[in-house]
Amino acid sequence: MPLPNLDMDALRTFLLTQQLGSLNRAAERIGRSQSAVSQQMRKLEEQVGQALFRRRGRGLALTESGDLILSYARRILDLNDEAARAVRGTSVAGAVRFGLPGDFAETWLPAALGQFKKTHPAVLVEIAVDRNGLLLERLDRGDLDLVLAMGNESRRDAEHVATLQMAWIGPAGIDMRARRDAPLDLALYNSPCLFRRAGIEALEQANISWRLAYTTSSLQSLWAGVMAGLGITLRTASGLPSSLRQLDAKDGLPPLPAVQLCLHAGQRAISPALAELKRVVIENAMNHLGV
């Protein structure tokens, strides 16, 4: 008996359902009715010959077979998409100069950019890692074509990618709790810096005394200072080194605001190469930042 060819659209919907947590949310995302999505899932269950879902309270949970199919679905869809993009990518040529902050330069984005290069061999990608404000200045001067930046959502060219929560960050093995009898040591970027401003405002509103114990213009230097116990800092939790940990109210620290992550392309026309790179960045942000 020949094995069935699994429905790719059903697999894609199945994976989206798990990412979003419900059939209804998946239906809204792809612009179909919930009954149509349920029918897709029934078709997939018929193809594999096993139930993929079971009732859990008012929602659905994966069965053991569902967990197994989920792992294969990711691999099947990744390979399918890689093949499609590789074929399409050969027809896209040009050059793209892309700027990004250090927060993402050592985590998920390098792999995404490497995959883009693999599927678009005729596109020359130049990467610049710098602070948000400096990257946008270079974009406005025409030195960059695309910038991923935090905290500049009011710009006319801002295309929202994700909302990220700011977090207090300290060394994993050192008690850095705020105390009333001594100022809190801070390790921060040099001014101007949106995280620096947000942290100081939060501390002053909470009547917590502080002092600048360590300042730098480098993210790696910032992490090193915090690891050494020279002070606490604040960034997002994206790409947080294992030697650091998030701090919160239990450490005597006030809540922090969220920050908007946006793509910026200035007012220039979007070339096919730039449009493809934007798609890759947004798609990988959704997968890695929980968008």
# chains A, B, ... in the order shown; residues from 1 in each chain; ligands from 1
>>> closest_atom_pairs(of="region 36-145 of chain A", to="region 180-202 of chain A", cutoff="9 Å", atoms="only C-alpha atoms", output="Markdown table")
| residue | atom | partner | partner_atom | distance |
| --- | --- | --- | --- | --- |
| A:Arg131 | CA | A:Cys193 | CA | 8.7 |
| A:Asn132 | CA | A:Cys193 | CA | 8.6 |
| A:Gly133 | CA | A:Cys193 | CA | 8.3 |
>>> closest_atom_pairs(of="region 147-191 of chain A", to="region 229-243 of chain A", cutoff="12 Å", atoms="only C-alpha atoms", output="JSON lines")
{"residue": "A:Met150", "atom": "CA", "partner": "A:Thr236", "partner_atom": "CA", "distance": 10.2}
{"residue": "A:Gly151", "atom": "CA", "partner": "A:Arg235", "partner_atom": "CA", "distance": 11.8}
{"residue": "A:Ala162", "atom": "CA", "partner": "A:Ser238", "partner_atom": "CA", "distance": 11.8}
{"residue": "A:Thr163", "atom": "CA", "partner": "A:Thr236", "partner_atom": "CA", "distance": 10.2}
{"residue": "A:Leu164", "atom": "CA", "partner": "A:Thr236", "partner_atom": "CA", "distance": 6.5}
{"residue": "A:Gln165", "atom": "CA", "partner": "A:Thr236", "partner_atom": "CA", "distance": 6.0}
{"residue": "A:Met166", "atom": "CA", "partner": "A:Thr236", "partner_atom": "CA", "distance": 4.6}
{"residue": "A:Ala167", "atom": "CA", "partner": "A:Leu234", "partner_atom": "CA", "distance": 5.4}
{"residue": "A:Trp168", "atom": "CA", "partner": "A:Leu234", "partner_atom": "CA", "distance": 4.4}
{"residue": "A:Ile169", "atom": "CA", "partner": "A:Thr233", "partner_atom": "CA", "distance": 5.3}
{"residue": "A:Gly170", "atom": "CA", "partner": "A:Ile232", "partner_atom": "CA", "distance": 4.8}
{"residue": "A:Pro171", "atom": "CA", "partner": "A:Gly229", "partner_atom": "CA", "distance": 6.3}
{"residue": "A:Ala172", "atom": "CA", "partner": "A:Ser243", "partner_atom": "CA", "distance": 5.4}
{"residue": "A:Gly173", "atom": "CA", "partner": "A:Ser243", "partner_atom": "CA", "distance": 8.0}
{"residue": "A:Ile174", "atom": "CA", "partner": "A:Gly229", "partner_atom": "CA", "distance": 6.8}
{"residue": "A:Asp175", "atom": "CA", "partner": "A:Gly229", "partner_atom": "CA", "distance": 8.9}
{"residue": "A:Met176", "atom": "CA", "partner": "A:Ile232", "partner_atom": "CA", "distance": 7.2}
{"residue": "A:Arg177", "atom": "CA", "partner": "A:Ile232", "partner_atom": "CA", "distance": 9.4}
{"residue": "A:Ala178", "atom": "CA", "partner": "A:Ile232", "partner_atom": "CA", "distance": 9.9}
{"residue": "A:Pro183", "atom": "CA", "partner": "A:Gly231", "partner_atom": "CA", "distance": 10.7}
{"residue": "A:Leu184", "atom": "CA", "partner": "A:Gly231", "partner_atom": "CA", "distance": 7.6}
{"residue": "A:Asp185", "atom": "CA", "partner": "A:Gly231", "partner_atom": "CA", "distance": 4.6}
{"residue": "A:Leu186", "atom": "CA", "partner": "A:Gly231", "partner_atom": "CA", "distance": 4.4}
{"residue": "A:Ala187", "atom": "CA", "partner": "A:Gly231", "partner_atom": "CA", "distance": 4.8}
{"residue": "A:Leu188", "atom": "CA", "partner": "A:Thr233", "partner_atom": "CA", "distance": 5.8}
{"residue": "A:Tyr189", "atom": "CA", "partner": "A:Thr233", "partner_atom": "CA", "distance": 8.8}
>>> write_last_selection(atoms="N, CA and C atoms", output="PDB file, in the first residue's frame")
ATOM      1  N   MET A 150      15.514  49.596  17.328  1.00  0.00           N
ATOM      2  CA  MET A 150      14.557  49.662  18.425  1.00  0.00           C
ATOM      3  C   MET A 150      14.303  51.109  18.823  1.00  0.00           C
ATOM      4  N   GLY A 151      13.039  51.404  19.131  1.00  0.00           N
ATOM      5  CA  GLY A 151      12.702  52.682  19.731  1.00  0.00           C
ATOM      6  C   GLY A 151      12.556  53.850  18.789  1.00  0.00           C
ATOM      7  N   ALA A 162       8.124  43.803  15.958  1.00  0.00           N
ATOM      8  CA  ALA A 162       7.805  43.143  17.226  1.00  0.00           C
ATOM      9  C   ALA A 162       7.794  44.163  18.352  1.00  0.00           C
ATOM     10  N   THR A 163       7.071  43.830  19.412  1.00  0.00           N
ATOM     11  CA  THR A 163       7.105  44.588  20.658  1.00  0.00           C
ATOM     12  C   THR A 163       7.887  43.773  21.667  1.00  0.00           C
ATOM     13  N   LEU A 164       8.968  44.342  22.190  1.00  0.00           N
ATOM     14  CA  LEU A 164       9.858  43.623  23.101  1.00  0.00           C
ATOM     15  C   LEU A 164       9.827  44.281  24.475  1.00  0.00           C
ATOM     16  N   GLN A 165       9.787  43.482  25.503  1.00  0.00           N
ATOM     17  CA  GLN A 165       9.768  43.989  26.856  1.00  0.00           C
ATOM     18  C   GLN A 165      11.184  44.286  27.340  1.00  0.00           C
ATOM     19  N   MET A 166      11.405  45.497  27.853  1.00  0.00           N
ATOM     20  CA  MET A 166      12.687  45.788  28.477  1.00  0.00           C
ATOM     21  C   MET A 166      12.812  44.988  29.759  1.00  0.00           C
ATOM     22  N   ALA A 167      14.040  44.660  30.135  1.00  0.00           N
ATOM     23  CA  ALA A 167      14.270  43.853  31.344  1.00  0.00           C
ATOM     24  C   ALA A 167      15.528  44.317  32.054  1.00  0.00           C
ATOM     25  N   TRP A 168      15.474  44.324  33.390  1.00  0.00           N
ATOM     26  CA  TRP A 168      16.676  44.533  34.181  1.00  0.00           C
ATOM     27  C   TRP A 168      17.532  43.275  34.087  1.00  0.00           C
ATOM     28  N   ILE A 169      18.837  43.457  33.983  1.00  0.00           N
ATOM     29  CA  ILE A 169      19.731  42.319  33.780  1.00  0.00           C
ATOM     30  C   ILE A 169      20.918  42.439  34.731  1.00  0.00           C
ATOM     31  N   GLY A 170      21.214  41.316  35.387  1.00  0.00           N
ATOM     32  CA  GLY A 170      22.346  41.287  36.308  1.00  0.00           C
ATOM     33  C   GLY A 170      23.115  39.994  36.175  1.00  0.00           C
ATOM     34  N   PRO A 171      24.236  39.849  36.885  1.00  0.00           N
ATOM     35  CA  PRO A 171      25.026  38.624  36.822  1.00  0.00           C
ATOM     36  C   PRO A 171      24.291  37.463  37.470  1.00  0.00           C
ATOM     37  N   ALA A 172      24.474  36.264  36.936  1.00  0.00           N
ATOM     38  CA  ALA A 172      23.728  35.096  37.405  1.00  0.00           C
ATOM     39  C   ALA A 172      24.066  34.727  38.842  1.00  0.00           C
ATOM     40  N   GLY A 173      25.305  34.919  39.276  1.00  0.00           N
ATOM     41  CA  GLY A 173      25.701  34.429  40.584  1.00  0.00           C
ATOM     42  C   GLY A 173      25.956  35.487  41.630  1.00  0.00           C
ATOM     43  N   ILE A 174      25.540  36.718  41.401  1.00  0.00           N
ATOM     44  CA  ILE A 174      25.820  37.809  42.338  1.00  0.00           C
ATOM     45  C   ILE A 174      24.518  38.500  42.720  1.00  0.00           C
ATOM     46  N   ASP A 175      24.338  38.753  44.015  1.00  0.00           N
ATOM     47  CA  ASP A 175      23.149  39.455  44.500  1.00  0.00           C
ATOM     48  C   ASP A 175      23.290  40.938  44.187  1.00  0.00           C
ATOM     49  N   MET A 176      22.423  41.457  43.320  1.00  0.00           N
ATOM     50  CA  MET A 176      22.484  42.862  42.916  1.00  0.00           C
ATOM     51  C   MET A 176      21.196  43.593  43.275  1.00  0.00           C
ATOM     52  N   ARG A 177      20.525  43.157  44.337  1.00  0.00           N
ATOM     53  CA  ARG A 177      19.259  43.779  44.711  1.00  0.00           C
ATOM     54  C   ARG A 177      19.441  45.246  45.101  1.00  0.00           C
ATOM     55  N   ALA A 178      18.417  46.032  44.747  1.00  0.00           N
ATOM     56  CA  ALA A 178      18.430  47.441  45.132  1.00  0.00           C
ATOM     57  C   ALA A 178      18.257  47.554  46.643  1.00  0.00           C
ATOM     58  N   PRO A 183      23.355  53.501  46.918  1.00  0.00           N
ATOM     59  CA  PRO A 183      22.863  53.667  45.541  1.00  0.00           C
ATOM     60  C   PRO A 183      23.078  52.398  44.724  1.00  0.00           C
ATOM     61  N   LEU A 184      22.206  52.194  43.773  1.00  0.00           N
ATOM     62  CA  LEU A 184      22.279  51.040  42.887  1.00  0.00           C
ATOM     63  C   LEU A 184      23.299  51.310  41.787  1.00  0.00           C
ATOM     64  N   ASP A 185      24.257  50.417  41.627  1.00  0.00           N
ATOM     65  CA  ASP A 185      25.261  50.579  40.573  1.00  0.00           C
ATOM     66  C   ASP A 185      24.674  50.182  39.220  1.00  0.00           C
ATOM     67  N   LEU A 186      24.851  51.059  38.232  1.00  0.00           N
ATOM     68  CA  LEU A 186      24.334  50.818  36.888  1.00  0.00           C
ATOM     69  C   LEU A 186      25.475  50.691  35.888  1.00  0.00           C
ATOM     70  N   ALA A 187      25.318  49.773  34.960  1.00  0.00           N
ATOM     71  CA  ALA A 187      26.211  49.629  33.811  1.00  0.00           C
ATOM     72  C   ALA A 187      25.372  49.943  32.570  1.00  0.00           C
ATOM     73  N   LEU A 188      25.683  51.032  31.884  1.00  0.00           N
ATOM     74  CA  LEU A 188      24.820  51.507  30.817  1.00  0.00           C
ATOM     75  C   LEU A 188      25.620  51.944  29.595  1.00  0.00           C
ATOM     76  N   TYR A 189      24.917  52.014  28.464  1.00  0.00           N
ATOM     77  CA  TYR A 189      25.492  52.606  27.268  1.00  0.00           C
ATOM     78  C   TYR A 189      25.738  54.104  27.508  1.00  0.00           C
TER      79      TYR A 189
END
>>> residues_around(residues="Asp103 (chain A)", least_positions_apart="2", cutoff="8 Å", atoms="only C-alpha atoms", output="PyMOL selection string")
chain A and resi 101+105-107+219+238-239
>>> write_last_selection(atoms="C-alpha atoms", output="compact mmCIF listing (two decimals), in the first residue's frame")
# COMPACT_ATOMS: atom_id res chain seq x y z
CA PRO A 101 22.01 46.44 16.62
CA ALA A 105 23.92 40.21 15.76
CA GLU A 106 24.95 37.10 17.69
CA THR A 107 21.64 35.29 18.05
CA LEU A 219 27.32 45.62 23.84
CA SER A 238 16.86 38.61 23.32
CA GLY A 239 20.32 37.05 23.10
>>> select_by_dssp(residues="region 43-78 of chain A", states="strand (DSSP E)", output="ChimeraX atom specification")
/A:53-56,59-62
>>> closest_atom_pairs(of="region 56-137 of chain A", to="region 28-50 of chain A", cutoff="9 Å", atoms="only C-alpha atoms", output="tab-separated table")
residue	atom	partner	partner_atom	distance
A:Ser65	CA	A:Gln50	CA	6.7
A:Gly66	CA	A:Gln50	CA	8.3
A:Ile69	CA	A:Val48	CA	8.7
>>> closest_residue(among="A:Leu52, A:Leu148, A:Met227, A:Tyr214", to="Ile282 (chain A)", atoms="only C-alpha atoms")
A:Leu148
>>> select_by_dssp(residues="region 7-232 of chain A", states="alpha helix (DSSP H)", output="PyMOL selection string")
chain A and resi 8-20+23-30+34-48+64-89+102-105+108-119+132-141+194-205+219-227
>>> closest_residue(among="A:Ala285, A:Leu244, A:Leu68, A:Gly59", to="Gly225 (chain A)", atoms="only C-alpha atoms")
A:Leu244
